[in-house]
Structures are given as C-alpha cells and as structure tokens.
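Shown next: model-v3.cif, given as mmCIF, C-alpha atoms.
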```cif
data_run
loop_
_atom_site.label_atom_id
_atom_site.label_comp_id
_atom_site.auth_asym_id
_atom_site.auth_seq_id
_atom_site.Cartn_x
_atom_site.Cartn_y
_atom_site.Cartn_z
CA MET O 1105 56.07 -38.22 39.12
CA SER O 1106 53.61 -38.41 36.25
CA ILE O 1107 54.15 -36.28 33.15
CA ILE O 1108 51.05 -34.48 31.89
CA LYS O 1109 50.91 -34.47 28.11
CA SER O 1110 49.57 -31.27 26.62
CA GLN O 1111 46.48 -31.83 24.51
CA PRO O 1112 46.65 -30.55 20.92
CA ARG O 1113 44.61 -27.42 20.31
CA PRO O 1114 41.31 -28.15 18.53
CA VAL O 1115 41.44 -27.04 14.90
CA PHE O 1116 38.47 -25.53 13.08
CA PRO O 1117 37.24 -28.07 10.45
CA PHE O 1118 38.15 -27.17 6.87
CA THR O 1119 34.76 -28.27 5.57
CA ALA O 1120 33.02 -25.94 8.07
CA ILE O 1121 34.65 -22.82 6.60
CA VAL O 1122 32.06 -20.62 4.89
CA GLY O 1123 33.05 -18.77 1.69
CA GLN O 1124 36.63 -17.88 0.60
CA GLU O 1125 36.43 -20.47 -2.20
CA GLU O 1126 39.45 -19.07 -4.05
CA MET O 1127 41.76 -19.53 -1.05
CA LYS O 1128 40.40 -23.03 -0.32
CA LEU O 1129 40.87 -24.12 -3.95
CA ALA O 1130 44.48 -22.83 -4.06
CA LEU O 1131 45.35 -24.71 -0.84
CA LEU O 1132 43.68 -27.94 -1.99
CA LEU O 1133 45.51 -27.92 -5.33
CA ASN O 1134 48.88 -27.33 -3.63
CA VAL O 1135 48.21 -30.24 -1.29
CA ILE O 1136 47.34 -32.51 -4.25
CA ASP O 1137 50.49 -31.40 -6.13
CA PRO O 1138 53.09 -29.66 -3.91
CA LYS O 1139 55.19 -28.99 -7.04
CA ILE O 1140 52.77 -26.18 -7.93
CA GLY O 1141 55.02 -24.11 -5.68
CA GLY O 1142 52.93 -22.91 -2.78
CA VAL O 1143 50.38 -20.15 -2.43
CA MET O 1144 50.46 -16.51 -1.40
CA ILE O 1145 47.26 -15.34 0.29
CA MET O 1146 46.78 -11.59 0.46
CA GLY O 1147 43.73 -10.03 2.01
CA ASP O 1148 42.04 -7.95 4.65
CA ARG O 1149 42.55 -8.55 8.37
CA GLY O 1150 40.18 -11.01 10.03
CA THR O 1151 39.18 -12.88 6.88
CA GLY O 1152 40.15 -16.35 8.15
CA LYS O 1153 43.51 -16.75 6.38
CA SER O 1154 45.33 -18.41 9.30
CA THR O 1155 42.26 -20.46 10.29
CA THR O 1156 41.94 -21.91 6.77
CA ILE O 1157 45.64 -22.75 6.48
CA ARG O 1158 45.69 -24.57 9.84
CA ALA O 1159 42.47 -26.35 8.88
CA ILE O 1160 43.93 -27.77 5.64
CA ALA O 1161 46.98 -29.10 7.52
CA ASP O 1162 44.77 -30.83 10.09
CA LEU O 1163 42.71 -32.41 7.30
CA LEU O 1164 45.60 -34.14 5.54
CA PRO O 1165 46.19 -37.92 5.85
CA GLU O 1166 49.05 -39.08 8.09
CA ILE O 1167 52.44 -39.73 6.48
CA GLU O 1168 54.86 -42.61 7.04
CA VAL O 1169 58.29 -41.51 8.27
CA VAL O 1170 61.53 -43.24 9.28
CA LEU O 1171 61.68 -43.52 13.06
CA GLU O 1172 64.12 -41.17 14.86
CA ASP O 1173 64.96 -39.32 11.62
CA MET O 1174 65.03 -35.54 12.10
CA PHE O 1175 63.97 -34.85 8.48
CA ASN O 1176 60.70 -36.88 8.30
CA SER O 1177 62.36 -39.08 5.65
CA HIS O 1178 60.18 -41.30 3.46
CA PRO O 1179 61.03 -45.02 3.85
CA SER O 1180 60.99 -45.77 0.09
CA ASN O 1181 60.97 -42.54 -1.96
CA TYR O 1182 64.61 -41.52 -2.64
CA ASP O 1183 63.68 -37.88 -3.31
CA LEU O 1184 62.26 -37.55 0.21
CA MET O 1185 65.11 -39.29 2.07
CA SER O 1186 67.99 -37.76 4.01
CA ASP O 1187 71.50 -38.90 3.05
CA GLU O 1188 71.73 -41.00 6.25
CA VAL O 1189 68.55 -42.92 5.42
CA LYS O 1190 69.73 -43.43 1.81
CA LEU O 1191 72.92 -44.98 3.21
CA GLN O 1192 70.88 -47.31 5.42
CA VAL O 1193 68.75 -48.36 2.43
CA GLU O 1194 71.87 -49.03 0.32
CA ASN O 1195 73.24 -51.19 3.19
CA ASN O 1196 69.92 -53.12 3.25
CA THR O 1197 69.16 -51.99 6.80
CA VAL O 1198 65.59 -52.67 7.88
CA LEU O 1199 64.02 -49.28 8.60
CA SER O 1200 61.60 -48.78 11.50
CA THR O 1201 58.76 -46.45 10.60
CA ASN O 1202 55.73 -44.81 12.15
CA PHE O 1203 52.88 -42.56 11.02
CA ILE O 1204 52.69 -38.90 12.01
CA LYS O 1205 50.39 -35.99 11.22
CA VAL O 1206 51.55 -33.82 8.35
CA PRO O 1207 53.92 -31.23 9.90
CA MET O 1208 52.52 -27.70 10.06
CA ILE O 1209 55.42 -25.36 10.84
CA ASP O 1210 55.04 -21.65 11.59
CA LEU O 1211 57.89 -19.31 10.70
CA PRO O 1212 57.87 -16.39 13.16
CA LEU O 1213 58.67 -12.93 11.81
CA GLY O 1214 61.73 -12.53 14.05
CA ALA O 1215 63.34 -15.83 12.99
CA THR O 1216 67.06 -15.83 12.17
CA GLU O 1217 68.75 -17.62 9.27
CA ASP O 1218 70.11 -20.25 11.69
CA ARG O 1219 66.62 -20.89 13.08
CA LEU O 1220 65.32 -21.36 9.54
CA CYS O 1221 68.14 -23.41 8.01
CA GLY O 1222 69.66 -25.16 11.04
CA THR O 1223 73.16 -24.94 12.50
CA ILE O 1224 76.34 -27.03 12.39
CA ASP O 1225 78.25 -27.55 15.66
CA ILE O 1226 81.70 -26.37 14.45
CA GLU O 1227 83.42 -27.20 17.76
CA LYS O 1228 82.26 -30.82 17.66
CA ALA O 1229 83.22 -31.12 14.00
CA LEU O 1230 86.76 -29.81 14.61
CA ASN O 1231 87.45 -31.59 17.91
CA GLU O 1232 85.70 -34.93 17.33
CA GLY O 1233 85.41 -35.06 13.54
CA ILE O 1234 81.64 -35.54 13.84
CA LYS O 1235 79.11 -33.65 11.74
CA SER O 1236 76.61 -32.51 14.35
CA PHE O 1237 73.58 -30.74 12.93
CA GLU O 1238 70.82 -28.96 14.81
CA PRO O 1239 67.84 -29.02 12.41
CA GLY O 1240 66.00 -25.80 11.61
CA LEU O 1241 62.43 -25.12 10.57
CA LEU O 1242 63.11 -26.24 6.96
CA ALA O 1243 64.06 -29.71 8.23
CA LYS O 1244 60.96 -29.95 10.41
CA ALA O 1245 58.73 -28.81 7.52
CA ASN O 1246 59.94 -31.53 5.12
CA ARG O 1247 56.87 -33.29 3.64
CA GLY O 1248 54.59 -30.80 5.38
CA ILE O 1249 53.39 -27.21 5.24
CA LEU O 1250 55.54 -24.18 6.09
CA TYR O 1251 53.38 -21.19 6.96
CA VAL O 1252 54.65 -17.62 7.03
CA ASP O 1253 52.15 -15.09 8.34
CA GLU O 1254 52.83 -11.47 7.30
CA VAL O 1255 55.33 -12.76 4.70
CA ASN O 1256 55.50 -9.24 3.22
CA LEU O 1257 57.17 -8.09 6.48
CA LEU O 1258 59.78 -10.90 6.49
CA ASP O 1259 63.41 -10.04 5.64
CA ASP O 1260 64.00 -10.43 1.89
CA HIS O 1261 67.02 -12.72 2.32
CA LEU O 1262 64.92 -15.14 4.43
CA VAL O 1263 62.18 -15.12 1.81
CA ASP O 1264 64.88 -15.87 -0.79
CA ILE O 1265 66.10 -18.89 1.23
CA LEU O 1266 62.53 -20.13 1.67
CA LEU O 1267 61.72 -19.88 -2.03
CA ASP O 1268 65.02 -21.49 -3.10
CA SER O 1269 64.37 -24.47 -0.81
CA ALA O 1270 60.75 -24.73 -1.92
CA ALA O 1271 61.84 -24.76 -5.59
CA SER O 1272 64.78 -27.19 -5.26
CA GLY O 1273 63.39 -29.43 -2.50
CA TRP O 1274 66.75 -29.30 -0.66
CA ASN O 1275 68.37 -27.15 2.00
CA THR O 1276 72.16 -26.84 2.18
CA VAL O 1277 73.91 -25.46 5.27
CA GLU O 1278 77.59 -24.52 4.95
CA ARG O 1279 79.81 -23.31 7.79
CA GLU O 1280 83.62 -23.11 7.85
CA GLY O 1281 84.05 -25.54 4.95
CA ILE O 1282 81.60 -28.10 6.42
CA SER O 1283 78.47 -28.78 4.38
CA ILE O 1284 75.26 -30.60 5.27
CA ARG O 1285 72.22 -30.94 3.05
CA HIS O 1286 68.82 -32.44 3.64
CA PRO O 1287 65.46 -32.73 1.85
CA ALA O 1288 63.13 -29.76 2.32
CA ARG O 1289 59.99 -30.52 0.31
CA PHE O 1290 57.08 -28.57 1.66
CA VAL O 1291 54.05 -26.57 0.60
CA LEU O 1292 54.98 -22.94 1.20
CA VAL O 1293 52.02 -20.83 2.28
CA GLY O 1294 52.43 -17.11 2.87
CA SER O 1295 49.79 -14.66 3.98
CA GLY O 1296 49.70 -10.92 4.45
CA ASN O 1297 47.76 -7.70 4.32
CA PRO O 1298 48.51 -5.56 1.23
CA GLU O 1299 48.13 -2.40 3.36
CA GLU O 1300 51.37 -3.38 5.13
CA GLY O 1301 53.42 -3.49 1.93
CA GLU O 1302 53.91 -5.72 -1.09
CA LEU O 1303 56.53 -8.39 -1.74
CA ARG O 1304 59.19 -7.60 -4.32
CA PRO O 1305 57.95 -8.76 -7.79
CA GLN O 1306 60.83 -11.26 -8.20
CA LEU O 1307 59.91 -12.89 -4.86
CA LEU O 1308 56.18 -12.79 -5.54
CA ASP O 1309 56.78 -14.54 -8.88
CA ARG O 1310 58.30 -17.53 -7.05
CA PHE O 1311 54.98 -18.40 -5.38
CA GLY O 1312 53.00 -20.80 -7.53
CA MET O 1313 49.58 -19.29 -6.87
CA HIS O 1314 48.22 -16.02 -5.49
CA ALA O 1315 44.80 -15.83 -3.83
CA GLU O 1316 43.15 -12.50 -3.03
CA ILE O 1317 40.77 -12.45 -0.07
CA ARG O 1318 38.18 -9.78 0.48
CA THR O 1319 35.92 -9.16 3.48
CA VAL O 1320 32.51 -10.75 2.85
CA LYS O 1321 29.87 -8.07 2.12
CA ASP O 1322 26.74 -10.25 2.00
CA PRO O 1323 25.00 -9.84 5.41
CA LYS O 1324 23.52 -13.38 5.36
CA LEU O 1325 26.94 -14.91 4.66
CA ARG O 1326 28.51 -12.81 7.43
CA VAL O 1327 25.89 -14.09 9.89
CA ALA O 1328 26.58 -17.69 8.79
CA ILE O 1329 30.34 -17.19 9.37
CA VAL O 1330 29.80 -15.66 12.82
CA GLU O 1331 27.39 -18.46 13.82
CA GLN O 1332 29.84 -21.14 12.67
CA ARG O 1333 32.72 -19.58 14.59
CA THR O 1334 30.61 -19.08 17.73
CA LYS O 1335 29.47 -22.70 17.64
CA PHE O 1336 33.11 -23.85 17.45
CA ASP O 1337 34.26 -21.53 20.27
CA ILE O 1338 31.49 -22.75 22.62
CA ASN O 1339 32.04 -26.47 21.97
CA PRO O 1340 34.97 -27.35 19.65
CA SER O 1341 34.62 -31.13 20.04
CA ALA O 1342 30.91 -31.08 19.10
CA CYS O 1343 31.67 -28.95 16.02
CA ILE O 1344 34.52 -31.27 14.98
CA GLN O 1345 32.24 -34.30 15.46
CA GLU O 1346 29.50 -32.67 13.37
CA TYR O 1347 31.86 -32.32 10.39
CA LYS O 1348 33.70 -35.61 10.89
CA ASP O 1349 32.08 -37.40 7.92
CA GLN O 1350 32.59 -34.41 5.58
CA GLN O 1351 36.23 -34.14 6.69
CA GLN O 1352 36.81 -37.86 6.01
CA PHE O 1353 35.11 -37.60 2.60
CA LEU O 1354 37.35 -34.67 1.58
CA LYS O 1355 40.43 -36.49 2.92
CA ASN O 1356 39.56 -39.50 0.73
CA GLN O 1357 39.08 -37.16 -2.26
CA ILE O 1358 42.56 -35.68 -1.72
CA ILE O 1359 44.18 -39.14 -1.49
CA ALA O 1360 42.35 -40.31 -4.65
CA ALA O 1361 43.38 -37.12 -6.51
CA GLN O 1362 47.05 -37.60 -5.51
CA GLU O 1363 46.91 -41.17 -6.87
CA ARG O 1364 45.14 -40.07 -10.08
CA LEU O 1365 47.42 -37.10 -10.77
CA PRO O 1366 50.22 -38.99 -12.65
CA HIS O 1367 47.61 -40.28 -15.13
CA VAL O 1368 46.08 -36.88 -15.94
CA SER O 1369 46.95 -35.48 -19.37
CA ILE O 1370 46.50 -32.11 -21.04
CA ASP O 1371 45.91 -31.72 -24.77
CA ASP O 1372 48.68 -30.01 -26.77
CA ASN O 1373 46.17 -27.49 -28.12
CA LEU O 1374 45.31 -26.42 -24.56
CA ARG O 1375 49.02 -26.13 -23.67
CA VAL O 1376 49.48 -23.79 -26.64
CA ARG O 1377 46.50 -21.68 -25.53
CA ILE O 1378 47.89 -21.38 -21.97
CA SER O 1379 51.22 -20.17 -23.38
CA GLU O 1380 49.38 -17.80 -25.73
CA ILE O 1381 47.58 -16.24 -22.72
CA CYS O 1382 50.90 -15.85 -20.86
CA ALA O 1383 52.53 -14.25 -23.91
CA ASN O 1384 49.58 -11.85 -24.43
CA LEU O 1385 49.78 -10.79 -20.77
CA ASP O 1386 53.53 -10.18 -21.18
CA VAL O 1387 54.35 -12.56 -18.31
CA ASP O 1388 58.13 -12.77 -17.74
CA GLY O 1389 59.69 -16.25 -17.86
CA LEU O 1390 57.90 -19.57 -18.11
CA ARG O 1391 56.82 -20.12 -14.49
CA GLY O 1392 53.29 -18.97 -15.32
CA ASP O 1393 52.96 -21.59 -18.10
CA ILE O 1394 54.36 -24.39 -15.93
CA VAL O 1395 52.26 -23.61 -12.84
CA THR O 1396 49.03 -23.24 -14.85
CA ASN O 1397 49.61 -26.65 -16.48
CA ARG O 1398 50.27 -28.24 -13.07
CA ALA O 1399 47.30 -26.58 -11.36
CA ALA O 1400 44.89 -27.53 -14.17
CA LYS O 1401 46.03 -31.16 -13.91
CA ALA O 1402 45.60 -31.13 -10.12
CA LEU O 1403 42.07 -29.73 -10.49
CA ALA O 1404 41.19 -32.39 -13.09
CA ALA O 1405 42.48 -35.10 -10.70
CA TYR O 1406 40.42 -33.60 -7.86
CA GLN O 1407 37.33 -33.64 -10.11
CA LYS O 1408 37.89 -37.36 -10.88
CA THR O 1409 38.86 -36.96 -14.54
CA GLU O 1410 42.05 -37.81 -16.41
CA GLU O 1411 41.76 -35.12 -19.10
CA VAL O 1412 42.13 -31.38 -18.49
CA THR O 1413 39.26 -29.27 -19.89
CA ILE O 1414 39.00 -25.58 -20.80
CA ASN O 1415 36.92 -25.02 -17.65
CA ASP O 1416 39.71 -26.48 -15.49
CA ILE O 1417 42.14 -23.96 -16.99
CA LYS O 1418 39.68 -21.06 -16.50
CA LYS O 1419 39.24 -21.92 -12.83
CA VAL O 1420 42.97 -21.87 -12.02
CA ILE O 1421 44.65 -19.51 -14.47
CA THR O 1422 43.86 -16.24 -12.63
CA LEU O 1423 45.29 -17.73 -9.42
CA CYS O 1424 48.45 -18.70 -11.32
CA LEU O 1425 49.04 -15.47 -13.27
CA ARG O 1426 47.62 -12.40 -11.48
CA HIS O 1427 50.79 -11.82 -9.43
CA ARG O 1428 53.11 -12.19 -12.44
CA LEU O 1429 51.81 -9.21 -14.41
CA ARG O 1430 53.94 -6.10 -14.69
CA LYS O 1431 52.58 -3.26 -12.57
CA ASP O 1432 51.56 -0.19 -14.55
CA PRO O 1433 50.92 2.77 -12.19
CA LEU O 1434 48.71 4.46 -14.82
CA GLU O 1435 46.43 1.43 -15.22
CA ASN O 1436 43.25 1.28 -13.14
CA ILE O 1437 42.23 -2.29 -14.02
CA ASP O 1438 42.74 -5.02 -11.40
CA SER O 1439 45.34 -7.64 -12.43
CA GLY O 1440 42.80 -10.45 -11.95
CA MET O 1441 40.34 -8.72 -14.31
CA LYS O 1442 43.13 -8.21 -16.86
CA VAL O 1443 43.87 -11.95 -16.83
CA LYS O 1444 40.14 -12.75 -17.19
CA GLN O 1445 39.80 -10.45 -20.22
CA VAL O 1446 42.68 -12.14 -22.08
CA VAL O 1447 41.42 -15.62 -21.05
CA ASP O 1448 37.95 -14.80 -22.45
CA GLN O 1449 39.51 -13.62 -25.73
CA ILE O 1450 41.57 -16.80 -26.20
CA LEU O 1451 39.46 -19.51 -24.53
CA GLY O 1452 36.05 -17.89 -25.01
CA PRO O 1453 33.73 -16.44 -22.33
CA ASN O 1454 31.94 -18.62 -19.75
CA LEU O 1455 28.57 -19.84 -21.01
#
```
What do you get writing this file as structure tokens?
Amino acid sequence: MSIIKSQPRPVFPFTAIVGQEEMKLALLLNVIDPKIGGVMIMGDRGTGKSTTIRAIADLLPEIEVVLEDMFNSHPSNYDLMSDEVKLQVENNTVLSTNFIKVPMIDLPLGATEDRLCGTIDIEKALNEGIKSFEPGLLAKANRGILYVDEVNLLDDHLVDILLDSAASGWNTVEREGISIRHPARFVLVGSGNPEEGELRPQLLDRFGMHAEIRTVKDPKLRVAIVEQRTKFDINPSACIQEYKDQQQFLKNQIIAAQERLPHVSIDDNLRVRISEICANLDVDGLRGDIVTNRAAKALAAYQKTEEVTINDIKKVITLCLRHRLRKDPLENIDSGMKVKQVVDQILGPNL
C-alpha cells in the first residue's frame, strides 16, 4: 500500500507583497538578529498580517539540525544544543545532520500550558527511572518562528511563558520534582486587532518591536494588491516562479546581513542620543535602548554597511519605542508621532 505524501501549501512570495513596509522591515530585522526580541503586529482585519508572516518564514534559508533530535539542535553552536546533544559532543560522538526549512509554528488560541511547554511522563520516570519528555510547541519552534495570531486574546500566563522563553532562550518543564530543560530560541511574532483589546503594558514591553498596520487608502495601491492576490490564487506556482529570482536575491541579502552583523558598530555619540530619546519619552527600563541599538545594527548590516548612521536609527526607533510609552488618557497624540517629535528634536528632522 503506497503512502501519499501531502504536498506543502503554496506560500505567497514575500517579495510580491505590496505595501506594509513597516511590518516587512520589522520582520526582516528580527530574522537578521533574533535577539531583537520579536515583533508585535497590530492592525485592521484583512491587511495581510498572517500572509506576510508566513511569507518571511518560507523565504528563510534552510538550517542544519542534528538528525532525530526533537529540539532542532545545532551541530556546533553550544547555545542552540539540547543537553543530550552537548553530551554527545563532549563524548566525541559523530553527529548525523540534515537540512530542514526554518520551523514556522502556530500557537492556537486554545492551547494549554502542556501543549506549549511539553510534558514529562511521570509514570515512566517513577517506574523505569527514565526521563520521558513529550516536546511542546516551544521545542518545535527552536531556531524558527513562533507565530501567535490574536495574541491579545491569549491567556496572560501563556503570554508570560512565551516571553520568558523568548528572552532567555530556554524552556524549563518541572513536574513532581523532575526537571527537563531545552533550548527555545525563536523569533516571536504576535498579531492582533486593537479593537479586540490591548495587551497588558508589561507584556507589550517584552516584544522587541511593534508595527502598526493600517488599511491601504490609495485606490491604485488597493487595485495592485487585489491583482497580485488574484494572480496567486489562480495559479500559485506561476506566481512563485515569477518571483523566484527576487526571492533568492532577498534570501542572499539576509544571509549576508547575518554574517556582517557581528562586525557592525555604533558610535558612542549615537548610543548617547538613543538613550537621551528614551529618557525624554519617559520609557521605563532599558529595553528600549537595547532593542533600538540592536535594530539599528541589523538595519546597517542589511544595507551592507558596518557603521550605524542617524538615518538607520530614525528608521527603526519608532518601531522599537512606540509601545513602551506610558498611556495618557487625556493625550490625543499618537504614540508613534510622539516618538517622531522627540527624535526630530534630538537627531534633527529628515532633510
């Protein structure tokens, strides 16, 4: 009896997406440097949030993983290895590897903590003395992208677990005195509609960047978007083929930016100005400073330079700070505009 393998669903090409430059930039920078801390995308319904997120995952180069390892362990990078693989490396075991597509894991709204973190088989541990672990979504997302649609409707304690894992790069599961930990390094992407409620400020602050998406008003641009989507729906393979070269070019740009990133530097004067902007905006903590520095470096690497410029900072700083401002119910000004005003005062207006 022959087994029919299901064909993967065709994914809309990232380079074919019209408009929504802010969202695309935030996703690209997080892919170049996952330590930025993920991105929260808030916007109207039907603005292509999910399509864009799936498109960026499909675009990414394949990663090398240890064969038959449930955590997508890296064969040589200690930070991305499970404890079992580390033990094998220390014992000089030759590791078998293969290449896989970057994992793109969806977290459904009704997911439980066990589904997210994984479960330990207590019975097996007590009776046979064996640590048996059933991996959760955090294990499967290691070295990939974890996508939460309608993140503002997710239980707060699950969002807390997600953000803790994203920040530390590890997930620890403890049951009845038995503990298992594994690497959980992923780009956390959340999306939602602000009409359905906001995230708590302390949770929102944990996302590295925050992109705001609005419905396109320009009629010509709307027609272009509809035409592009219709073309893909009628013949996905022809559309994918049409953008094949552009997809490969962008993929090469991402790889080159990832390799260039460790060599990118930022002048001390610019660091001081970033911190001055954060202080003037009354941003709590230092996450805003750290993320802006990281994002500016990632943008410089993407633009093939090794020195961050004022323009690099201007392009990313609103994305990094708008969700960290304290909400004043009496203030009418949009948080993004407030950031821009302070940036123009300290860095000077755009020429």
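With only C-alpha atoms as the atoms that count, the residue of O:Asn1373, O:Ser1295, O:Gln1332, O:Thr1155 with the shortest distance to Leu1258 (chain O) is O:Ser1295.
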Per residue of region 1302-1354 of chain O within 10 Å of region 1376-1400 of chain O, which atom pair is closest and at what distance in Å (one decimal), using all atoms listed in the file, listed by chain and increasing number, as a tab-separated table?
```
residue	atom	partner	partner_atom	distance
O:Asp1309	CA	O:Arg1391	CA	7.9
O:Arg1310	CA	O:Arg1391	CA	8.0
O:Phe1311	CA	O:Arg1391	CA	9.5
O:Gly1312	CA	O:Val1395	CA	6.1
O:Met1313	CA	O:Val1395	CA	7.8
```
So which residues get picked by the PyMOL selection byres ((chain O and resi 1111-1122) around 8) here, written as a PDB file with C-alpha atoms, keeping the file's coordinate frame?
```pdb
ATOM      1  CA  LYS O1109      50.910 -34.470  28.110  1.00  0.00           C
ATOM      2  CA  SER O1110      49.570 -31.270  26.620  1.00  0.00           C
ATOM      3  CA  GLY O1123      33.050 -18.770   1.690  1.00  0.00           C
ATOM      4  CA  GLN O1124      36.630 -17.880   0.600  1.00  0.00           C
ATOM      5  CA  THR O1155      42.260 -20.460  10.290  1.00  0.00           C
ATOM      6  CA  THR O1156      41.940 -21.910   6.770  1.00  0.00           C
ATOM      7  CA  ARG O1158      45.690 -24.570   9.840  1.00  0.00           C
ATOM      8  CA  ALA O1159      42.470 -26.350   8.880  1.00  0.00           C
ATOM      9  CA  ILE O1160      43.930 -27.770   5.640  1.00  0.00           C
ATOM     10  CA  ASP O1162      44.770 -30.830  10.090  1.00  0.00           C
ATOM     11  CA  LEU O1163      42.710 -32.410   7.300  1.00  0.00           C
ATOM     12  CA  LEU O1325      26.940 -14.910   4.660  1.00  0.00           C
ATOM     13  CA  ALA O1328      26.580 -17.690   8.790  1.00  0.00           C
ATOM     14  CA  ILE O1329      30.340 -17.190   9.370  1.00  0.00           C
ATOM     15  CA  GLN O1332      29.840 -21.140  12.670  1.00  0.00           C
ATOM     16  CA  PHE O1336      33.110 -23.850  17.450  1.00  0.00           C
ATOM     17  CA  PRO O1340      34.970 -27.350  19.650  1.00  0.00           C
ATOM     18  CA  SER O1341      34.620 -31.130  20.040  1.00  0.00           C
ATOM     19  CA  CYS O1343      31.670 -28.950  16.020  1.00  0.00           C
ATOM     20  CA  ILE O1344      34.520 -31.270  14.980  1.00  0.00           C
ATOM     21  CA  TYR O1347      31.860 -32.320  10.390  1.00  0.00           C
ATOM     22  CA  GLN O1350      32.590 -34.410   5.580  1.00  0.00           C
ATOM     23  CA  GLN O1351      36.230 -34.140   6.690  1.00  0.00           C
ATOM     24  CA  LEU O1354      37.350 -34.670   1.580  1.00  0.00           C
TER      25      LEU O1354
END
```
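Here CA of Ala1245 (chain O) and CA of Arg1428 (chain O) stand 26.6 Å from one another.
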At a cut-off of 6 Å, using only C-alpha atoms, what residues contact Asn1297 (chain O)? Leave out same-chain residues fewer than 4 positions from it and give the result as a short mmCIF file (atom, residue, chain, number, x, y, z; two decimals) with C-alpha atoms, in the frame of the given file.
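Done, and the output landed in result00.cif:
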```
data_model
loop_
_atom_site.label_atom_id
_atom_site.label_comp_id
_atom_site.auth_asym_id
_atom_site.auth_seq_id
_atom_site.Cartn_x
_atom_site.Cartn_y
_atom_site.Cartn_z
CA MET O 1146 46.78 -11.59 0.46
CA GLY O 1147 43.73 -10.03 2.01
CA ASP O 1148 42.04 -7.95 4.65
#
```
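The space separating CA of Leu1308 (chain O) from CA of Met1144 (chain O) comes to 8.0 Å.
Among the candidates O:Asp1322, O:Glu1278, O:Asp1259, O:Asp1264, the one nearest to Leu1307 (chain O) when counting only C-alpha atoms is O:Asp1264.
From CA of Tyr1182 (chain O) back to CA of Ile1282 (chain O), the distance works out to 23.5 Å.
A distance cut-off of 6 Å around (51.9, -9.5, 3.8), counting only C-alpha atoms, selects these protein and nucleic acid residues: O:Glu1254, O:Val1255, O:Asn1256, O:Ser1295, O:Gly1296, O:Asn1297, O:Pro1298.
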Near region 1173-1176 of chain O, 8 Å: region 1225-1295 of chain O residue rows, closest pairs, all atoms listed in the file, as JSON lines:
```
{"residue": "O:Pro1239", "atom": "CA", "partner": "O:Met1174", "partner_atom": "CA", "distance": 7.1}
{"residue": "O:Ala1243", "atom": "CA", "partner": "O:Phe1175", "partner_atom": "CA", "distance": 5.1}
{"residue": "O:Lys1244", "atom": "CA", "partner": "O:Phe1175", "partner_atom": "CA", "distance": 6.1}
{"residue": "O:Asn1246", "atom": "CA", "partner": "O:Phe1175", "partner_atom": "CA", "distance": 6.2}
{"residue": "O:Arg1247", "atom": "CA", "partner": "O:Asn1176", "partner_atom": "CA", "distance": 7.0}
{"residue": "O:His1286", "atom": "CA", "partner": "O:Phe1175", "partner_atom": "CA", "distance": 7.3}
{"residue": "O:Pro1287", "atom": "CA", "partner": "O:Phe1175", "partner_atom": "CA", "distance": 7.1}
```
Show which residues sit within 7 Å of Ile1224 (chain O), as a PyMOL selection string. Count all atoms listed in the file, and ignore same-chain residues fewer than 4 positions away. chain O and resi 1236-1238+1279
Specify as a PyMOL selection string each residue included when the PyMOL selection byres ((chain O and resi 1201) around 10) is applied to this file. chain O and resi 1168-1173+1177-1179+1198-1200+1202-1204
Starting from the displayed file, determine the output of the PyMOL selection byres ((chain O and resi 1444) around 12) and express the residue list as a short mmCIF file (atom, residue, chain, number, x, y, z; two decimals) with C-alpha atoms, in the coordinates of the input.
```
data_model
loop_
_atom_site.label_atom_id
_atom_site.label_comp_id
_atom_site.auth_asym_id
_atom_site.auth_seq_id
_atom_site.Cartn_x
_atom_site.Cartn_y
_atom_site.Cartn_z
CA ILE O 1381 47.58 -16.24 -22.72
CA CYS O 1382 50.90 -15.85 -20.86
CA ASN O 1384 49.58 -11.85 -24.43
CA LEU O 1385 49.78 -10.79 -20.77
CA ILE O 1417 42.14 -23.96 -16.99
CA LYS O 1418 39.68 -21.06 -16.50
CA LYS O 1419 39.24 -21.92 -12.83
CA VAL O 1420 42.97 -21.87 -12.02
CA ILE O 1421 44.65 -19.51 -14.47
CA THR O 1422 43.86 -16.24 -12.63
CA LEU O 1423 45.29 -17.73 -9.42
CA CYS O 1424 48.45 -18.70 -11.32
CA LEU O 1425 49.04 -15.47 -13.27
CA ARG O 1426 47.62 -12.40 -11.48
CA ILE O 1437 42.23 -2.29 -14.02
CA ASP O 1438 42.74 -5.02 -11.40
CA SER O 1439 45.34 -7.64 -12.43
CA GLY O 1440 42.80 -10.45 -11.95
CA MET O 1441 40.34 -8.72 -14.31
CA LYS O 1442 43.13 -8.21 -16.86
CA VAL O 1443 43.87 -11.95 -16.83
CA GLN O 1445 39.80 -10.45 -20.22
CA VAL O 1446 42.68 -12.14 -22.08
CA VAL O 1447 41.42 -15.62 -21.05
CA ASP O 1448 37.95 -14.80 -22.45
CA GLN O 1449 39.51 -13.62 -25.73
CA ILE O 1450 41.57 -16.80 -26.20
CA LEU O 1451 39.46 -19.51 -24.53
CA GLY O 1452 36.05 -17.89 -25.01
CA PRO O 1453 33.73 -16.44 -22.33
CA ASN O 1454 31.94 -18.62 -19.75
#
```
Gln1407 (chain O) proximity check over O:Asp1349, O:Asp1253, O:Leu1129, O:Val1293, using only C-alpha atoms: winner is O:Leu1129
List the spatial neighbours of region 1136-1139 of chain O as a ChimeraX atom specification - criterion: any atom at most 9 Å away, all atoms listed in the file, same-chain residues fewer than 4 positions off excluded. /O:1131-1132,1270-1271,1289-1292,1312,1358-1359,1361-1362,1365,1395,1398-1399,1401-1403,1405-1406
Selection to disk with C-alpha atoms, as a CSV table (one decimal), in the frame of the given file:
```csv
chain,number,residue,atom,x,y,z
O,1131,LEU,CA,45.4,-24.7,-0.8
O,1132,LEU,CA,43.7,-27.9,-2.0
O,1270,ALA,CA,60.8,-24.7,-1.9
O,1271,ALA,CA,61.8,-24.8,-5.6
O,1289,ARG,CA,60.0,-30.5,0.3
O,1290,PHE,CA,57.1,-28.6,1.7
O,1291,VAL,CA,54.0,-26.6,0.6
O,1292,LEU,CA,55.0,-22.9,1.2
O,1312,GLY,CA,53.0,-20.8,-7.5
O,1358,ILE,CA,42.6,-35.7,-1.7
O,1359,ILE,CA,44.2,-39.1,-1.5
O,1361,ALA,CA,43.4,-37.1,-6.5
O,1362,GLN,CA,47.0,-37.6,-5.5
O,1365,LEU,CA,47.4,-37.1,-10.8
O,1395,VAL,CA,52.3,-23.6,-12.8
O,1398,ARG,CA,50.3,-28.2,-13.1
O,1399,ALA,CA,47.3,-26.6,-11.4
O,1401,LYS,CA,46.0,-31.2,-13.9
O,1402,ALA,CA,45.6,-31.1,-10.1
O,1403,LEU,CA,42.1,-29.7,-10.5
O,1405,ALA,CA,42.5,-35.1,-10.7
O,1406,TYR,CA,40.4,-33.6,-7.9
```
Contact table region 1273-1293 of chain O vs region 1215-1221 of chain O, cut-off 9 Å, shortest pair per residue, only C-alpha atoms, as a tab-separated table:
```
residue	atom	partner	partner_atom	distance
O:Asn1275	CA	O:Cys1221	CA	7.1
O:Thr1276	CA	O:Cys1221	CA	7.9
O:Val1277	CA	O:Cys1221	CA	6.7
```
Nearest to Ala1360 (chain O) by atom-to-atom distance, counting all atoms listed in the file, from O:Gly1152, O:Thr1409, O:Thr1223, O:Ser1269: O:Thr1409
